[in-house]
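Let me begin by presenting the structure, written as structure tokens, before commenting on it.
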Amino acid sequence: MEAVNLRKKDNFKVHNKIFKSRLIVGTGKYKNFIETAKAIEASGADLVTVAVRRVNIYDKKKPILTDYLNPKKITFLPNTAGCFNSDQALRTLRLAREMGGWKLVKLEVLGDKKTLFPNMIETIKSTKILVKEGFQVMVYCTDDPLLAKILEESGATAIMPLASPIGSGLGIQNKTNISLIIKQSKVPVIIDAGLGTASEAAIAMEMGCDGVLVNSAIAKSKNPILMAKAFKDAVIAGRNSFLAVRMKKNYLASPSSPSKGLI
């Protein structure tokens with residue numbers, strides 16, 4: 001009963017909004033919008049990223065995402081995927097606000113086309129400007145704890161360090177740095193980019209991450225709908241494991257049965 005009560009109080013809050021799922025999913029790389037909608041439904045996610053420069057959410061003459069995902073039931077998170085400097089990112093998010101009224105946004109300013117690592121100089125610069133303009137900014141960043149702290153002090157709503165390069169499926173490559181970011185941050189820390197399978201999402205949640213963002217690992221699997229369900233279950237299991245607090249590690253065996261009163 002105690003564990004159940006603890007779980008009910010465990011809200012995932014970003015800025016001033018509470019989400020029921022700690023799994024955030026992308027809307028790109030699927031075969032079509034029908035598969036996108038089915039996978040998102042299976043994932044249980046109620047926060048989805050939308051690449052403003054790539055996904056059609058405005059032109060009603062073409063297939064439009066909002067015909068398949070109801071923005072009244074699912075929160076759209078406009079992002080700046082494909083932007084390689086501050087000016088491009090700022091223009092994209094200002095357009096999103098004008099067209100859809102969105103203020104909760106995801107910022108990513110990429111450094112180069114080969115690694116898709118974030119350009120942290122441009123990212124920090126953009127974060128400060130967007131915060132002054134009234135945006136709530138969730139920020140894709142490197143796994144550098146010092147730079148993550150600067151982002152938080154610049155007003156970031158959430159810190160989103162990469163686990164490994166976008167779309168690589170390599171999983172969490174630097175657990176030490178991610179753990180340091182989690183310990184120092186007063187805003188949500190959400191793993192963004194690089195997860196390849198559900199077990200890696202569970203690990204991220206066991207480490208204490210507030211959430212994970214997944215796109216390629218679901219969309220590029222052989223069965224996206226089933227993989228979306230796997231990630232849903234993994235995030236829940238990982239969070240419950242974190243809340244339960246794991247046993248201490250021992251370097252010698254410890255019997256699981258009582259040693260007293262043996263026959």
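Convention: chains lettered A, B, ... in structure tokens order; per-chain residue numbering from 1; ligands numbered from 1 as shown.
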
Wanna dump the segment 102-208 of chain A-segment 235-248 of chain A contacts at 6 Å for me, each residue with its shortest atom pair and the distance in Å to one decimal, counting only C-alpha atoms, ordered by chain and number, as CSV?
```
residue,atom,partner,partner_atom,distance
A:Ala201,CA,A:Val235,CA,5.9
A:Ala202,CA,A:Gly238,CA,4.2
A:Met205,CA,A:Gly238,CA,4.8
A:Glu206,CA,A:Phe242,CA,4.6
```

Limited to N, CA and C atoms, could you put the picked residues into a file as a PDB file, in the first residue's frame?
```pdb
ATOM      1  N   ALA A 201      15.890   2.428 -21.881  1.00  0.00           N
ATOM      2  CA  ALA A 201      14.985   3.414 -21.272  1.00  0.00           C
ATOM      3  C   ALA A 201      14.790   3.093 -19.795  1.00  0.00           C
ATOM      4  N   ALA A 202      14.675   1.802 -19.475  1.00  0.00           N
ATOM      5  CA  ALA A 202      14.533   1.388 -18.076  1.00  0.00           C
ATOM      6  C   ALA A 202      15.765   1.789 -17.271  1.00  0.00           C
ATOM      7  N   MET A 205      15.712   5.492 -16.496  1.00  0.00           N
ATOM      8  CA  MET A 205      14.760   5.805 -15.432  1.00  0.00           C
ATOM      9  C   MET A 205      15.279   5.340 -14.074  1.00  0.00           C
ATOM     10  N   GLU A 206      15.943   4.194 -14.027  1.00  0.00           N
ATOM     11  CA  GLU A 206      16.535   3.707 -12.772  1.00  0.00           C
ATOM     12  C   GLU A 206      17.631   4.636 -12.282  1.00  0.00           C
TER      13      GLU A 206
END
```

Shortest interatomic distance to Ile172 of chain A - which of A:Gly196, A:Pro224, A:Pro188, A:Gly155, counting only C-alpha atoms: A:Gly196

Sel. of helix (DSSP H, G or I) residues, segment 142-214 of chain A, as a list in words: Pro145, Leu146, Leu147, Ala148, Lys149, Ile150, Leu151, Glu152, Glu153, Lys175, Thr176, Asn177, Ile178, Ser179, Leu180, Ile181, Ile182, Lys183, Gln184, Ala198, Ser199, Glu200, Ala201, Ala202, Ile203, Ala204, Met205, Glu206 and Met207 of chain A

Residue contacts of Pro165 of chain A (12 Å, only C-alpha atoms) excluding same-chain residues fewer than 4 positions away, as a list in words: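 Using only C-alpha atoms, the neighbours found are Leu110, Gly111, Asp112, Lys113, Lys114, Thr115, Leu116, Phe117, Pro118, Tyr140, Cys141, Thr142, Asp143, Pro161, Gly169, Leu170, Gly171, Ile172, Gln173, Asn174, Ile191, Asp192, Ala193, Gly194, Leu195, Gly196 and Ser216 of chain A.
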
Go ahead and dump the residues you just picked, N, CA, C and O atoms, as a compact mmCIF listing (two decimals), in the first residue's frame.
```txt
# COMPACT_ATOMS: atom_id res chain seq x y z
N LEU A 110 21.95 22.32 -33.93
CA LEU A 110 22.95 21.31 -34.25
C LEU A 110 24.26 21.92 -34.69
O LEU A 110 24.30 23.02 -35.26
N GLY A 111 25.35 21.18 -34.43
CA GLY A 111 26.68 21.68 -34.75
C GLY A 111 27.18 21.29 -36.12
O GLY A 111 27.81 22.08 -36.82
N ASP A 112 26.89 20.04 -36.54
CA ASP A 112 27.30 19.60 -37.87
C ASP A 112 26.41 18.44 -38.31
O ASP A 112 25.74 17.81 -37.49
N LYS A 113 26.42 18.16 -39.61
CA LYS A 113 25.49 17.17 -40.16
C LYS A 113 25.95 15.73 -39.94
O LYS A 113 25.15 14.80 -40.06
N LYS A 114 27.22 15.54 -39.62
CA LYS A 114 27.73 14.18 -39.44
C LYS A 114 27.36 13.61 -38.07
O LYS A 114 26.85 12.49 -37.95
N THR A 115 27.62 14.38 -37.00
CA THR A 115 27.36 13.87 -35.65
C THR A 115 26.02 14.33 -35.09
O THR A 115 25.46 13.68 -34.21
N LEU A 116 25.49 15.44 -35.61
CA LEU A 116 24.26 16.06 -35.07
C LEU A 116 24.39 16.39 -33.59
O LEU A 116 23.39 16.47 -32.87
N PHE A 117 25.63 16.57 -33.13
CA PHE A 117 25.83 17.04 -31.76
C PHE A 117 25.32 18.48 -31.66
O PHE A 117 25.38 19.25 -32.62
N PRO A 118 24.87 18.89 -30.48
CA PRO A 118 24.41 20.27 -30.32
C PRO A 118 25.56 21.26 -30.30
O PRO A 118 26.62 20.98 -29.74
N TYR A 140 17.81 20.42 -25.84
CA TYR A 140 18.71 19.33 -26.24
C TYR A 140 20.15 19.80 -26.05
O TYR A 140 20.53 20.88 -26.52
N CYS A 141 20.95 19.00 -25.35
CA CYS A 141 22.30 19.44 -25.03
C CYS A 141 23.27 18.27 -24.95
O CYS A 141 22.87 17.11 -25.00
N THR A 142 24.55 18.59 -24.81
CA THR A 142 25.57 17.58 -24.57
C THR A 142 25.43 17.06 -23.14
O THR A 142 24.65 17.58 -22.34
N ASP A 143 26.21 16.05 -22.82
CA ASP A 143 26.15 15.48 -21.47
C ASP A 143 27.20 16.12 -20.55
O ASP A 143 27.67 15.49 -19.60
N PRO A 161 19.93 16.00 -22.09
CA PRO A 161 21.23 15.53 -22.61
C PRO A 161 21.09 14.32 -23.52
O PRO A 161 20.21 13.48 -23.31
N GLY A 169 21.18 4.60 -31.79
CA GLY A 169 20.78 3.38 -31.07
C GLY A 169 21.87 2.81 -30.19
O GLY A 169 21.81 1.64 -29.80
N LEU A 170 22.86 3.61 -29.83
CA LEU A 170 24.00 3.13 -29.05
C LEU A 170 23.72 3.09 -27.55
O LEU A 170 24.53 2.56 -26.79
N GLY A 171 22.63 3.68 -27.12
CA GLY A 171 22.32 3.67 -25.69
C GLY A 171 23.10 4.71 -24.92
O GLY A 171 23.76 5.58 -25.51
N ILE A 172 23.07 4.62 -23.60
CA ILE A 172 23.71 5.62 -22.74
C ILE A 172 25.21 5.37 -22.69
O ILE A 172 25.66 4.36 -22.15
N GLN A 173 25.97 6.30 -23.23
CA GLN A 173 27.42 6.12 -23.33
C GLN A 173 28.18 6.70 -22.14
O GLN A 173 29.31 6.32 -21.89
N ASN A 174 27.59 7.64 -21.41
CA ASN A 174 28.31 8.26 -20.30
C ASN A 174 27.38 8.38 -19.09
O ASN A 174 26.82 9.44 -18.82
N ILE A 191 16.41 12.18 -20.92
CA ILE A 191 17.34 11.64 -21.91
C ILE A 191 16.77 11.87 -23.31
O ILE A 191 15.62 11.52 -23.59
N ASP A 192 17.59 12.45 -24.18
CA ASP A 192 17.14 12.77 -25.53
C ASP A 192 18.19 12.28 -26.52
O ASP A 192 19.32 12.76 -26.51
N ALA A 193 17.80 11.35 -27.35
CA ALA A 193 18.64 10.86 -28.45
C ALA A 193 19.55 9.70 -28.06
O ALA A 193 20.18 9.71 -27.01
N GLY A 194 19.57 8.70 -28.94
CA GLY A 194 20.54 7.62 -28.83
C GLY A 194 20.05 6.31 -28.25
O GLY A 194 20.75 5.30 -28.35
N LEU A 195 18.89 6.29 -27.62
CA LEU A 195 18.40 5.03 -27.08
C LEU A 195 18.00 4.10 -28.23
O LEU A 195 17.46 4.55 -29.24
N GLY A 196 18.26 2.80 -28.06
CA GLY A 196 18.00 1.87 -29.14
C GLY A 196 16.97 0.81 -28.82
O GLY A 196 16.35 0.24 -29.72
N SER A 216 13.63 7.28 -33.15
CA SER A 216 14.17 6.28 -34.08
C SER A 216 14.02 4.85 -33.56
O SER A 216 13.70 3.94 -34.34
```

Nearest-residue call for Thr127 of chain A, choices A:Ser86, A:Thr66, A:Ser199, A:Thr80, using only C-alpha atoms: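 Distance minimum relative to Thr127 of chain A lands on A:Ser86.
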
Nearest-residue call for Glu35 of chain A, choices A:Thr75, A:Gln184, A:Asn223, A:Ser164, using only C-alpha atoms: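 Among A:Thr75, A:Gln184, A:Asn223, A:Ser164, it is A:Asn223 that comes nearest to Glu35 of chain A.
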